[in-house]
Amino acid sequence: MSKPSSSTQKATSRRAFLQGSGLLLGFSMLGAGIRPGFAAAEPVEGDVTAAFSPDAFIRIDSDGKITLILPNIEMGQGTHTGEATLIAEELEVGLDQVKVVDAPPNEKLYTTALLGGQATGGSTSMRATWESLRKAGAVARTMLVAAAAVQWSVPVSECSAKLGVVTHQPTGRQLAYGALADAAGKQPVPSDVKLKDPKDFELIGKSLRRVDTAGKVNGAVIYGIDVRVPDMKVATVAACPVIGGKLGDVDETAARAIPGVRDIVKLDNAVAVIGDHFWAAKKGLEALSITWNEGVNAKLSSADMMATLKAASQQKTPIMARQEGDVAGALKAAVKTVEASYELPFLAHAPMEPINCVVHVRADECEIWVGTQVPTQAQGWAAQVTGFPLDKIIVHNHLIGGGFGRRLVAESVGQAVAIAKQVSYPVKVIWTREEDIQHDLYRPTYYDRISAGLGADGLPAVWIDHVAGGSVLGNYIPGGWPQDKLDDDAVEGAAKPPYDLPVIQVDWVREDPPVPITWWRGVGPTHNVFVVESFMDELAHAVGRDPVEYRRALTKNQPRAAGVLELAAEKSGWGSPLPAGSGRGISLHDAFGSYMAAVLEISVSAAGEITLQRAVVAVDCGIAINPNTVEAQIEGGLIFGLSAALYSGITFSNGRVDQSNFHDYRILRNNEAPKIEVYHVKSLESPGGIGETATVSAGPALANAIFAATGKRLRSLPIDRNQLKSDGADKTSVSMVPPLAAPLLAALVNSKERPETGVETEAEAL
């Protein structure tokens with residue numbers, strides 16, 4: 001199925017890559033001035049029109065019920081709690097007094113300022129709503145207080161609000177918000193309100209309990225995959241295993257004999273089996289005899305794509321991202337030149353909740369239940385497939401069990417609607433993990449050539465980074481991205497490293513792969529910071545200087561970067577002795593509006609196995625709206641990034657993805673995780689993003705720690721343990737057995753009392 005076409009294209013940078021989901025869908029945007037704000041409120045799904053609806057975000061009923069309509073979706077990152085805190089702080093209510101719901105699809109009311117559309121991603125949620133949601137709360141509070149003052153015939157200055165109650169200070173009279181709702185709705189909406197001074201915050205900056213905790217504990221919250229509607233059937237899908245291939249012939253005989261199989265639906269490049277339940281659909285799909293028309297990518301391989309990327313890096317004319325100073329002159333004057341090249345793989349998202357969508361296509365409308373980061377894009381896909389107008393596409397958005405950018409695209413919704421369009425009943429489409437990993441839209445693969453000319457002091461006198469890789473924007477935007485225009489994401493984290501570099505050149509060669517690519521948790525910085533921080537470490541060792549001291553010398557004019565560097569070094573005990581085979585590595589970066597330094601302490605065995613001992617992270621994210629959430633996101637992001645660096649990589653053979661599930665696209669296990677310590681630099685700067693920062697830190701901190709422990713510099717990911725094995729160790733294979741399981745399996749192999757099952761034991765199979 002092809003993407004919906006677009007009749008409108010706008011210049012888009014990394015910070016506006018979603019210039020409206022409407023751009024992707026061909027819907028006209030309302031202009032750069034449209035931001036989440038104070039347009040006429042609309043009813044929210046499941047909610048009657050409230051007595052007091054001052055803006056798009058707040059509803060207060062006369063019975064005292066307070067509902068907050070939040071523009072960004074919750075997928076575990078704490079956005080609902082954070083955004084509710086911003087409103088509640090200025091509205092003067094507690095989080096326990098509010099009900100939180102997701103905003104319905106509406107670009108006009110719920111556009112995210114930094115993305116230009118109604119979307120959740122790019123670590124933008126709190127940055128984009130920092131002022132607008134506080135202002136929404138302050139406007140509502142001002143109107144409620146004014147209504148009370150009118151009712152009491154007293155000056156507004158004598159009234160104050162606290163915990164949903166307005167008090168007349170001289171007399172002690174009180175009115176709850178519910179009692180004032182009708183009257184407040186008749187007050188004029190103030191055009192300007194004064195926001196609290198940070199010193200007066202009572203909620204912001206506190207480690208508050210999340211608003212979704214209780215529902216997750218008692219099972220009340222509904223994720224997309226939990227949805228059940230009357231008469232619903234369940235489908236699962238198989239698409240052509242070769243990228244770009246099409247569906248050929250299908251023999252349905254055996255599938256239709258499976259009990260519970262109801263229908264078989266064919267699409268251009270896929271086939272779906274619908275059953276009474278998932279097991280029937282899955283067994284039916286397995287029973288199909290399918291012939292695929294594999295197309296031009298039938299021989300595609302990772303080796304060929306990397307070879308093409310390397311050749312492009314050398315031969316194509318690059319697009320300049322940044323050039324300052326006399327590069328040629330500085331190189332000529334350099335005392336020493338250091339060069340290196342780095343390779344990074346395609347990466348899948350692999351969210352814990354498999355991709356799913358429930359759709360019911362009726363005669364004149366389409367209803368969708370899904371967890372998506374882009375509700376209006378999902379709505380647009382459905383409109384494109386059904387031919388219905390947007391107001392006939394009803395989208396119920398649900399909690400997401402992991403997004404990481406996978407749900408920033410809604411092609412799966414389009415496929416689900418195409419399936420449901422061919423039957424009369426509601427269909428829940430579930431893509432198996434294997435299907436999703438092998439048909440994901442991947443983080444691009446990259447190749448970098450980087451060099452530096454060092455001065456007499458050993459510091460970089462000139463820094464040159466040649467980046468090569470595909471354009472995510474080029475794949476994301478219908479009609480593509482201009483070939484001669486810089487995609488900022490391709491060089492984010494490289495073009496502006498947090499260092500004093502007197503002469504710098506960073507350029508980008510665009511080489512789009514024949515593989516679909518999209519946003520991933522950290523995207524460009526996950527690649528660029530790995531290169532920059534690994535190479536910075538190489539320079540320090542090349543001149544015999546300590547990596548922290550070397551960075552310290554380059555951050556004298558970067559106070560926020562220097563602040564996290566010093567804090568991480570201090571708290572990690574940098575420089576204190578470690579046992580043989582152990583090492584510490586550091587990474588420093590500025591991305592998503594936050595500064596972070598991470599120190600990772602590891603050990604490496606003679607067999608090349610890595611044990612993650614301890615991680616110390618220092619962060620300056622400006623005002624931390626909820627420190628607990630910040631720490632949780634750093635912990636989760638670090639684990640996510642370490643998983644990718646240690647185990648994850650998507651490779652292709654004969655046009656097919658080699659990996660299929662968590663057995664060969666590994667995620668860090670509980671017993672493998674390091675102890676993680678998080679330290680905050682107190683700041684009054686506006687909030688920075690936090691969801692992706694630690695993911696960015698993980699790879700370079702690990703590679704630098706490996707060098708410190710072994711003296712071996714690894715310039716590609718995921719880590720190749722064969723390169724880490726000591727001389728004489730068997731280098732023919734790498735164990736995928738988690739450390740704590742290895743002794744148990746070894747004992748089983750050596751046991752004289754093996755189970756007599758007639759098949760290999762698990763240990764023998766391994």
# chains A, B, ... in the order shown; residues from 1 in each chain; ligands from 1
call {"tool": "residues_around", "arguments": {"residues": "A:Lys392", "least_positions_apart": "4", "cutoff": "10 Å", "atoms": "only C-alpha atoms", "output": "PDB file with N, CA and C atoms, in the first residue's frame"}}
result
ATOM      1  N   ASP A 364     -20.866   4.368   6.365  1.00  0.00           N
ATOM      2  CA  ASP A 364     -20.600   5.792   6.204  1.00  0.00           C
ATOM      3  C   ASP A 364     -19.592   6.354   7.200  1.00  0.00           C
ATOM      4  N   GLU A 365     -18.933   5.482   7.984  1.00  0.00           N
ATOM      5  CA  GLU A 365     -17.921   5.976   8.918  1.00  0.00           C
ATOM      6  C   GLU A 365     -16.955   4.862   9.267  1.00  0.00           C
ATOM      7  N   CYS A 366     -15.815   5.273   9.819  1.00  0.00           N
ATOM      8  CA  CYS A 366     -14.780   4.317  10.225  1.00  0.00           C
ATOM      9  C   CYS A 366     -14.370   4.645  11.654  1.00  0.00           C
ATOM     10  N   GLU A 367     -14.424   3.632  12.522  1.00  0.00           N
ATOM     11  CA  GLU A 367     -14.063   3.829  13.921  1.00  0.00           C
ATOM     12  C   GLU A 367     -12.793   3.035  14.224  1.00  0.00           C
ATOM     13  N   GLN A 379      -5.831   9.209  11.578  1.00  0.00           N
ATOM     14  CA  GLN A 379      -7.121   9.615  11.016  1.00  0.00           C
ATOM     15  C   GLN A 379      -7.013   9.830   9.509  1.00  0.00           C
ATOM     16  N   ALA A 382      -6.773   6.563   7.483  1.00  0.00           N
ATOM     17  CA  ALA A 382      -8.085   5.936   7.360  1.00  0.00           C
ATOM     18  C   ALA A 382      -8.947   6.650   6.325  1.00  0.00           C
ATOM     19  N   ALA A 383      -8.883   7.979   6.312  1.00  0.00           N
ATOM     20  CA  ALA A 383      -9.643   8.744   5.327  1.00  0.00           C
ATOM     21  C   ALA A 383      -9.183   8.419   3.912  1.00  0.00           C
ATOM     22  N   THR A 386     -10.441   4.715   3.080  1.00  0.00           N
ATOM     23  CA  THR A 386     -11.892   4.549   2.974  1.00  0.00           C
ATOM     24  C   THR A 386     -12.546   5.509   1.997  1.00  0.00           C
ATOM     25  N   GLY A 387     -11.919   6.656   1.792  1.00  0.00           N
ATOM     26  CA  GLY A 387     -12.550   7.691   0.991  1.00  0.00           C
ATOM     27  C   GLY A 387     -13.530   8.539   1.775  1.00  0.00           C
ATOM     28  N   PHE A 388     -13.630   8.309   3.089  1.00  0.00           N
ATOM     29  CA  PHE A 388     -14.541   9.084   3.924  1.00  0.00           C
ATOM     30  C   PHE A 388     -13.916  10.432   4.281  1.00  0.00           C
TER      31      PHE A 388
END
call {"tool": "residues_around", "arguments": {"residues": "stretch 221-226 of chain A", "least_positions_apart": "3", "cutoff": "9 Å", "atoms": "only C-alpha atoms", "output": "PyMOL selection string"}}
result
chain A and resi 212+214-218+353-358+369-372+397-401+428+430
call {"tool": "select_by_dssp", "arguments": {"residues": "stretch 110-283 of chain A", "states": "alpha helix (DSSP H)", "output": "PyMOL selection string"}}
result
chain A and resi 110+125-129+132-152+177-185+213-218+253-256+278-283
call {"tool": "write_last_selection", "arguments": {"atoms": "N, CA and C atoms", "output": "short mmCIF file (atom, residue, chain, number, x, y, z; two decimals), in the first residue's frame"}}
result
data_model
loop_
_atom_site.label_atom_id
_atom_site.label_comp_id
_atom_site.auth_asym_id
_atom_site.auth_seq_id
_atom_site.Cartn_x
_atom_site.Cartn_y
_atom_site.Cartn_z
N TYR A 110 -4.44 21.12 19.22
CA TYR A 110 -3.46 20.34 19.96
C TYR A 110 -2.14 20.14 19.21
N SER A 125 7.66 17.01 24.46
CA SER A 125 6.37 17.25 25.11
C SER A 125 6.44 18.34 26.17
N MET A 126 7.36 18.22 27.12
CA MET A 126 7.42 19.20 28.20
C MET A 126 8.00 20.52 27.71
N ARG A 127 8.96 20.45 26.79
CA ARG A 127 9.52 21.70 26.26
C ARG A 127 8.47 22.50 25.53
N ALA A 128 7.63 21.81 24.75
CA ALA A 128 6.65 22.51 23.92
C ALA A 128 5.49 23.06 24.74
N THR A 129 5.17 22.43 25.87
CA THR A 129 3.99 22.84 26.64
C THR A 129 4.33 23.59 27.91
N SER A 132 2.59 27.09 27.55
CA SER A 132 1.20 27.08 27.11
C SER A 132 0.27 26.41 28.12
N LEU A 133 0.67 25.31 28.71
CA LEU A 133 -0.20 24.63 29.67
C LEU A 133 -0.26 25.38 31.00
N ARG A 134 0.86 25.98 31.41
CA ARG A 134 0.80 26.80 32.62
C ARG A 134 -0.12 27.99 32.39
N LYS A 135 -0.04 28.56 31.20
CA LYS A 135 -0.91 29.70 30.90
C LYS A 135 -2.38 29.27 30.90
N ALA A 136 -2.65 28.08 30.38
CA ALA A 136 -4.03 27.58 30.40
C ALA A 136 -4.54 27.49 31.83
N GLY A 137 -3.72 26.96 32.72
CA GLY A 137 -4.12 26.86 34.12
C GLY A 137 -4.32 28.22 34.77
N ALA A 138 -3.43 29.15 34.46
CA ALA A 138 -3.51 30.49 35.06
C ALA A 138 -4.75 31.24 34.56
N VAL A 139 -5.07 31.10 33.28
CA VAL A 139 -6.27 31.73 32.73
C VAL A 139 -7.52 31.22 33.43
N ALA A 140 -7.62 29.90 33.58
CA ALA A 140 -8.79 29.31 34.23
C ALA A 140 -8.90 29.77 35.68
N ARG A 141 -7.79 29.78 36.39
CA ARG A 141 -7.80 30.21 37.79
C ARG A 141 -8.24 31.67 37.89
N THR A 142 -7.72 32.51 37.02
CA THR A 142 -8.06 33.93 37.03
C THR A 142 -9.56 34.13 36.84
N MET A 143 -10.16 33.37 35.94
CA MET A 143 -11.60 33.50 35.67
C MET A 143 -12.43 32.99 36.85
N LEU A 144 -11.99 31.91 37.48
CA LEU A 144 -12.70 31.38 38.65
C LEU A 144 -12.65 32.36 39.82
N VAL A 145 -11.49 32.93 40.05
CA VAL A 145 -11.34 33.90 41.14
C VAL A 145 -12.19 35.15 40.86
N ALA A 146 -12.18 35.58 39.61
CA ALA A 146 -12.98 36.76 39.24
C ALA A 146 -14.47 36.50 39.46
N ALA A 147 -14.91 35.26 39.13
CA ALA A 147 -16.32 34.92 39.34
C ALA A 147 -16.69 34.97 40.81
N ALA A 148 -15.80 34.48 41.66
CA ALA A 148 -16.05 34.52 43.10
C ALA A 148 -16.11 35.96 43.60
N ALA A 149 -15.21 36.80 43.13
CA ALA A 149 -15.18 38.20 43.55
C ALA A 149 -16.47 38.92 43.19
N VAL A 150 -17.00 38.63 41.99
CA VAL A 150 -18.26 39.22 41.57
C VAL A 150 -19.39 38.76 42.48
N GLN A 151 -19.42 37.47 42.79
CA GLN A 151 -20.50 36.93 43.63
C GLN A 151 -20.47 37.53 45.03
N TRP A 152 -19.29 37.81 45.54
CA TRP A 152 -19.16 38.37 46.88
C TRP A 152 -19.13 39.90 46.88
N TYR A 177 -14.47 25.28 43.14
CA TYR A 177 -14.47 25.53 41.70
C TYR A 177 -15.77 25.08 41.05
N GLY A 178 -16.31 23.94 41.49
CA GLY A 178 -17.54 23.45 40.89
C GLY A 178 -18.68 24.43 41.04
N ALA A 179 -18.78 25.04 42.22
CA ALA A 179 -19.85 26.02 42.48
C ALA A 179 -19.67 27.28 41.64
N LEU A 180 -18.46 27.53 41.20
CA LEU A 180 -18.17 28.75 40.43
C LEU A 180 -18.13 28.49 38.92
N ALA A 181 -18.27 27.23 38.51
CA ALA A 181 -18.03 26.88 37.11
C ALA A 181 -18.92 27.66 36.15
N ASP A 182 -20.24 27.70 36.41
CA ASP A 182 -21.15 28.40 35.49
C ASP A 182 -20.81 29.88 35.40
N ALA A 183 -20.59 30.50 36.54
CA ALA A 183 -20.30 31.93 36.56
C ALA A 183 -18.95 32.23 35.92
N ALA A 184 -17.98 31.36 36.16
CA ALA A 184 -16.65 31.57 35.58
C ALA A 184 -16.70 31.52 34.06
N GLY A 185 -17.56 30.65 33.52
CA GLY A 185 -17.69 30.55 32.08
C GLY A 185 -18.20 31.81 31.43
N THR A 213 -0.48 5.64 37.77
CA THR A 213 0.03 4.50 38.53
C THR A 213 -1.08 3.57 39.00
N ALA A 214 -2.11 4.11 39.61
CA ALA A 214 -3.17 3.27 40.16
C ALA A 214 -3.83 2.43 39.08
N GLY A 215 -4.13 3.05 37.95
CA GLY A 215 -4.79 2.33 36.86
C GLY A 215 -3.94 1.22 36.29
N LYS A 216 -2.62 1.43 36.28
CA LYS A 216 -1.74 0.38 35.79
C LYS A 216 -1.63 -0.77 36.79
N VAL A 217 -1.70 -0.45 38.07
CA VAL A 217 -1.60 -1.48 39.09
C VAL A 217 -2.87 -2.33 39.15
N ASN A 218 -4.04 -1.66 39.07
CA ASN A 218 -5.29 -2.43 39.21
C ASN A 218 -5.87 -2.88 37.88
N THR A 253 -6.59 -23.37 0.94
CA THR A 253 -7.31 -24.60 1.32
C THR A 253 -7.04 -25.03 2.75
N ALA A 254 -5.77 -25.18 3.11
CA ALA A 254 -5.44 -25.66 4.45
C ALA A 254 -5.83 -24.66 5.51
N ALA A 255 -5.71 -23.37 5.22
CA ALA A 255 -6.04 -22.34 6.20
C ALA A 255 -7.53 -22.34 6.53
N ARG A 256 -8.35 -22.51 5.53
CA ARG A 256 -9.79 -22.47 5.77
C ARG A 256 -10.28 -23.70 6.52
N PHE A 278 -7.02 -14.91 18.25
CA PHE A 278 -5.69 -14.77 17.65
C PHE A 278 -5.09 -16.10 17.26
N TRP A 279 -5.28 -17.13 18.07
CA TRP A 279 -4.66 -18.42 17.78
C TRP A 279 -5.17 -18.99 16.46
N ALA A 280 -6.47 -18.86 16.22
CA ALA A 280 -7.03 -19.34 14.96
C ALA A 280 -6.43 -18.57 13.79
N ALA A 281 -6.33 -17.23 13.95
CA ALA A 281 -5.76 -16.42 12.87
C ALA A 281 -4.30 -16.77 12.62
N LYS A 282 -3.55 -16.97 13.69
CA LYS A 282 -2.13 -17.30 13.54
C LYS A 282 -1.93 -18.66 12.88
N LYS A 283 -2.66 -19.67 13.35
CA LYS A 283 -2.53 -21.00 12.75
C LYS A 283 -3.01 -20.99 11.31
#
call {"tool": "residues_around", "arguments": {"residues": "stretch 715-722 of chain A", "least_positions_apart": "3", "cutoff": "10 Å", "atoms": "only C-alpha atoms", "output": "compact mmCIF listing (two decimals) with N, CA and C atoms, in the first residue's frame"}}
result
# COMPACT_ATOMS: atom_id res chain seq x y z
N ALA A 340 39.76 8.35 11.91
CA ALA A 340 39.07 7.10 12.23
C ALA A 340 37.78 7.04 11.41
N SER A 341 37.21 5.86 11.30
CA SER A 341 35.91 5.69 10.65
C SER A 341 35.03 4.83 11.54
N TYR A 342 33.75 5.09 11.47
CA TYR A 342 32.78 4.41 12.34
C TYR A 342 31.60 3.92 11.51
N GLU A 343 31.02 2.79 11.94
CA GLU A 343 29.86 2.22 11.27
C GLU A 343 28.78 1.90 12.30
N LEU A 344 27.55 2.26 11.98
CA LEU A 344 26.42 1.94 12.86
C LEU A 344 25.32 1.26 12.05
N PRO A 345 24.59 0.33 12.67
CA PRO A 345 23.64 -0.50 11.92
C PRO A 345 22.23 0.10 11.86
N PHE A 346 21.39 -0.52 11.03
CA PHE A 346 19.96 -0.27 11.14
C PHE A 346 19.49 -0.76 12.51
N TYR A 446 24.68 4.16 9.32
CA TYR A 446 25.54 5.32 9.08
C TYR A 446 26.99 4.90 8.90
N TYR A 447 27.72 5.77 8.21
CA TYR A 447 29.17 5.61 8.07
C TYR A 447 29.79 6.99 8.22
N ASP A 448 30.78 7.10 9.12
CA ASP A 448 31.45 8.38 9.38
C ASP A 448 32.94 8.27 9.14
N HIS A 527 23.59 8.25 16.82
CA HIS A 527 24.71 7.94 15.92
C HIS A 527 25.84 8.94 16.10
N PHE A 530 27.80 8.98 19.44
CA PHE A 530 28.68 7.82 19.52
C PHE A 530 30.00 8.11 18.79
N VAL A 531 29.91 8.69 17.62
CA VAL A 531 31.11 9.00 16.84
C VAL A 531 31.94 10.09 17.53
N SER A 534 33.36 8.87 21.03
CA SER A 534 34.37 7.83 20.88
C SER A 534 35.66 8.44 20.35
N PHE A 535 35.51 9.33 19.37
CA PHE A 535 36.70 9.94 18.77
C PHE A 535 37.37 10.91 19.74
N VAL A 604 35.50 -6.82 31.57
CA VAL A 604 35.50 -7.67 30.38
C VAL A 604 36.29 -8.94 30.70
N ALA A 607 36.85 -14.28 27.92
CA ALA A 607 36.00 -14.79 26.85
C ALA A 607 35.29 -13.67 26.09
N GLY A 608 35.56 -12.43 26.46
CA GLY A 608 34.96 -11.29 25.77
C GLY A 608 33.60 -10.89 26.28
N GLU A 609 33.15 -11.50 27.38
CA GLU A 609 31.85 -11.14 27.93
C GLU A 609 31.96 -9.87 28.77
N ILE A 610 30.99 -8.99 28.62
CA ILE A 610 30.98 -7.69 29.29
C ILE A 610 30.01 -7.72 30.45
N LEU A 642 21.97 0.82 25.92
CA LEU A 642 22.94 -0.26 26.15
C LEU A 642 22.51 -1.54 25.45
N SER A 643 21.21 -1.79 25.41
CA SER A 643 20.72 -2.96 24.68
C SER A 643 21.11 -2.88 23.21
N ALA A 644 20.91 -1.71 22.62
CA ALA A 644 21.26 -1.54 21.22
C ALA A 644 22.77 -1.69 21.00
N ALA A 645 23.56 -1.09 21.89
CA ALA A 645 25.01 -1.13 21.72
C ALA A 645 25.57 -2.54 21.92
N LEU A 646 24.99 -3.30 22.82
CA LEU A 646 25.51 -4.62 23.12
C LEU A 646 24.98 -5.70 22.19
N TYR A 647 23.72 -5.60 21.80
CA TYR A 647 23.09 -6.75 21.16
C TYR A 647 22.32 -6.45 19.88
N SER A 648 21.87 -5.23 19.67
CA SER A 648 20.88 -4.98 18.63
C SER A 648 21.50 -4.50 17.33
N GLY A 649 20.96 -4.99 16.26
CA GLY A 649 21.36 -4.56 14.94
C GLY A 649 20.51 -5.31 13.94
N ILE A 650 19.98 -4.59 12.96
CA ILE A 650 19.18 -5.22 11.90
C ILE A 650 20.07 -5.43 10.69
N GLY A 699 25.91 4.21 24.17
CA GLY A 699 26.89 3.61 23.26
C GLY A 699 28.30 4.13 23.43
N PRO A 700 28.51 5.45 23.41
CA PRO A 700 29.88 5.95 23.56
C PRO A 700 30.48 5.68 24.94
N LEU A 702 29.91 3.11 26.76
CA LEU A 702 30.28 1.70 26.75
C LEU A 702 31.55 1.47 25.94
N ALA A 703 31.63 2.01 24.74
CA ALA A 703 32.81 1.81 23.90
C ALA A 703 34.06 2.37 24.57
N ILE A 706 35.09 0.04 27.36
CA ILE A 706 35.73 -1.16 26.81
C ILE A 706 37.19 -0.88 26.48
N LYS A 712 41.25 -2.04 23.53
CA LYS A 712 40.74 -2.30 22.18
C LYS A 712 39.65 -1.31 21.83
N LYS A 725 37.98 -11.00 22.98
CA LYS A 725 38.51 -12.20 23.61
C LYS A 725 40.03 -12.16 23.68
N SER A 726 40.53 -12.63 24.79
CA SER A 726 41.99 -12.69 24.98
C SER A 726 42.59 -13.73 24.05
N ALA A 729 41.61 -17.64 23.54
CA ALA A 729 40.20 -17.94 23.79
C ALA A 729 39.51 -18.31 22.49
N ASP A 730 38.51 -19.15 22.58
CA ASP A 730 37.78 -19.58 21.39
C ASP A 730 37.04 -18.38 20.81
N LYS A 731 37.32 -18.06 19.54
CA LYS A 731 36.70 -16.89 18.92
C LYS A 731 35.71 -17.29 17.83
N THR A 732 35.26 -18.53 17.86
CA THR A 732 34.38 -18.98 16.80
C THR A 732 32.92 -18.66 17.06
N SER A 733 32.55 -18.42 18.31
CA SER A 733 31.16 -18.14 18.61
C SER A 733 31.08 -17.23 19.82
N VAL A 734 29.92 -16.62 19.98
CA VAL A 734 29.67 -15.73 21.10
C VAL A 734 28.45 -16.23 21.83
N SER A 735 28.57 -16.46 23.12
CA SER A 735 27.45 -16.96 23.91
C SER A 735 26.38 -15.89 24.04
call {"tool": "residues_around", "arguments": {"residues": "A:Asn628", "least_positions_apart": "2", "cutoff": "10 Å", "atoms": "only C-alpha atoms", "output": "VMD selection string"}}
result
chain A and resid 78 205 to 210 624 to 626 630 to 634
call {"tool": "closest_residue", "arguments": {"among": "A:His360, A:Arg614, A:Lys108, A:His277", "to": "A:Lys571", "atoms": "only C-alpha atoms"}}
result
A:Arg614
call {"tool": "select_by_dssp", "arguments": {"residues": "stretch 530-585 of chain A", "states": "strand (DSSP E or B)", "output": "PyMOL selection string"}}
result
chain A and resi 582-585
call {"tool": "residues_around", "arguments": {"residues": "A:Arg521", "least_positions_apart": "2", "cutoff": "6 Å", "atoms": "only C-alpha atoms", "output": "mmCIF file with C-alpha atoms, in the first residue's frame"}}
result
data_model
loop_
_atom_site.group_PDB
_atom_site.id
_atom_site.type_symbol
_atom_site.label_atom_id
_atom_site.label_comp_id
_atom_site.auth_asym_id
_atom_site.auth_seq_id
_atom_site.Cartn_x
_atom_site.Cartn_y
_atom_site.Cartn_z
ATOM 1 C CA PHE A 404 10.277 4.892 20.638
ATOM 2 C CA VAL A 523 17.667 9.224 16.052
ATOM 3 C CA GLU A 692 16.140 10.196 24.647
#
call {"tool": "atom_distance", "arguments": {"atom1": "atom CA of A:Val467", "atom2": "atom CA of A:Thr555"}}
result
23.5 Å
call {"tool": "decode", "arguments": {"residues": "stretch 399-412 of chain A", "atoms": "N, CA and C atoms", "output": "PDB file, in the first residue's frame"}}
result
ATOM      1  N   LEU A 399      -3.479   4.249  25.750  1.00  0.00           N
ATOM      2  CA  LEU A 399      -2.140   4.159  26.306  1.00  0.00           C
ATOM      3  C   LEU A 399      -1.280   3.271  25.420  1.00  0.00           C
ATOM      4  N   ILE A 400       0.001   3.616  25.322  1.00  0.00           N
ATOM      5  CA  ILE A 400       0.926   2.898  24.438  1.00  0.00           C
ATOM      6  C   ILE A 400       1.943   2.144  25.282  1.00  0.00           C
ATOM      7  N   GLY A 401       2.142   0.877  24.959  1.00  0.00           N
ATOM      8  CA  GLY A 401       3.140   0.056  25.649  1.00  0.00           C
ATOM      9  C   GLY A 401       4.478   0.107  24.950  1.00  0.00           C
ATOM     10  N   GLY A 402       5.000   1.306  24.789  1.00  0.00           N
ATOM     11  CA  GLY A 402       6.291   1.501  24.128  1.00  0.00           C
ATOM     12  C   GLY A 402       6.127   2.049  22.729  1.00  0.00           C
ATOM     13  N   GLY A 403       6.712   3.217  22.483  1.00  0.00           N
ATOM     14  CA  GLY A 403       6.630   3.840  21.163  1.00  0.00           C
ATOM     15  C   GLY A 403       7.982   3.925  20.501  1.00  0.00           C
ATOM     16  N   PHE A 404       8.891   4.739  21.096  1.00  0.00           N
ATOM     17  CA  PHE A 404      10.277   4.892  20.638  1.00  0.00           C
ATOM     18  C   PHE A 404      10.362   5.392  19.196  1.00  0.00           C
ATOM     19  N   GLY A 405       9.268   5.969  18.683  1.00  0.00           N
ATOM     20  CA  GLY A 405       9.226   6.422  17.299  1.00  0.00           C
ATOM     21  C   GLY A 405       8.501   5.468  16.381  1.00  0.00           C
ATOM     22  N   ARG A 406       8.306   4.219  16.800  1.00  0.00           N
ATOM     23  CA  ARG A 406       7.609   3.255  15.935  1.00  0.00           C
ATOM     24  C   ARG A 406       6.187   3.711  15.660  1.00  0.00           C
ATOM     25  N   ARG A 407       5.566   4.315  16.654  1.00  0.00           N
ATOM     26  CA  ARG A 407       4.181   4.755  16.498  1.00  0.00           C
ATOM     27  C   ARG A 407       4.105   6.231  16.106  1.00  0.00           C
ATOM     28  N   LEU A 408       5.237   6.791  15.629  1.00  0.00           N
ATOM     29  CA  LEU A 408       5.225   8.113  14.996  1.00  0.00           C
ATOM     30  C   LEU A 408       4.823   8.012  13.532  1.00  0.00           C
ATOM     31  N   VAL A 409       4.671   6.803  13.058  1.00  0.00           N
ATOM     32  CA  VAL A 409       4.132   6.556  11.724  1.00  0.00           C
ATOM     33  C   VAL A 409       2.882   5.705  11.897  1.00  0.00           C
ATOM     34  N   ALA A 410       1.961   5.829  10.967  1.00  0.00           N
ATOM     35  CA  ALA A 410       0.674   5.146  11.119  1.00  0.00           C
ATOM     36  C   ALA A 410       0.354   4.281   9.910  1.00  0.00           C
ATOM     37  N   GLU A 411       1.412   3.767   9.268  1.00  0.00           N
ATOM     38  CA  GLU A 411       1.161   2.904   8.111  1.00  0.00           C
ATOM     39  C   GLU A 411       0.419   1.636   8.514  1.00  0.00           C
ATOM     40  N   SER A 412       0.628   1.203   9.772  1.00  0.00           N
ATOM     41  CA  SER A 412      -0.084   0.015  10.245  1.00  0.00           C
ATOM     42  C   SER A 412      -1.586   0.276  10.358  1.00  0.00           C
TER      43      SER A 412
END
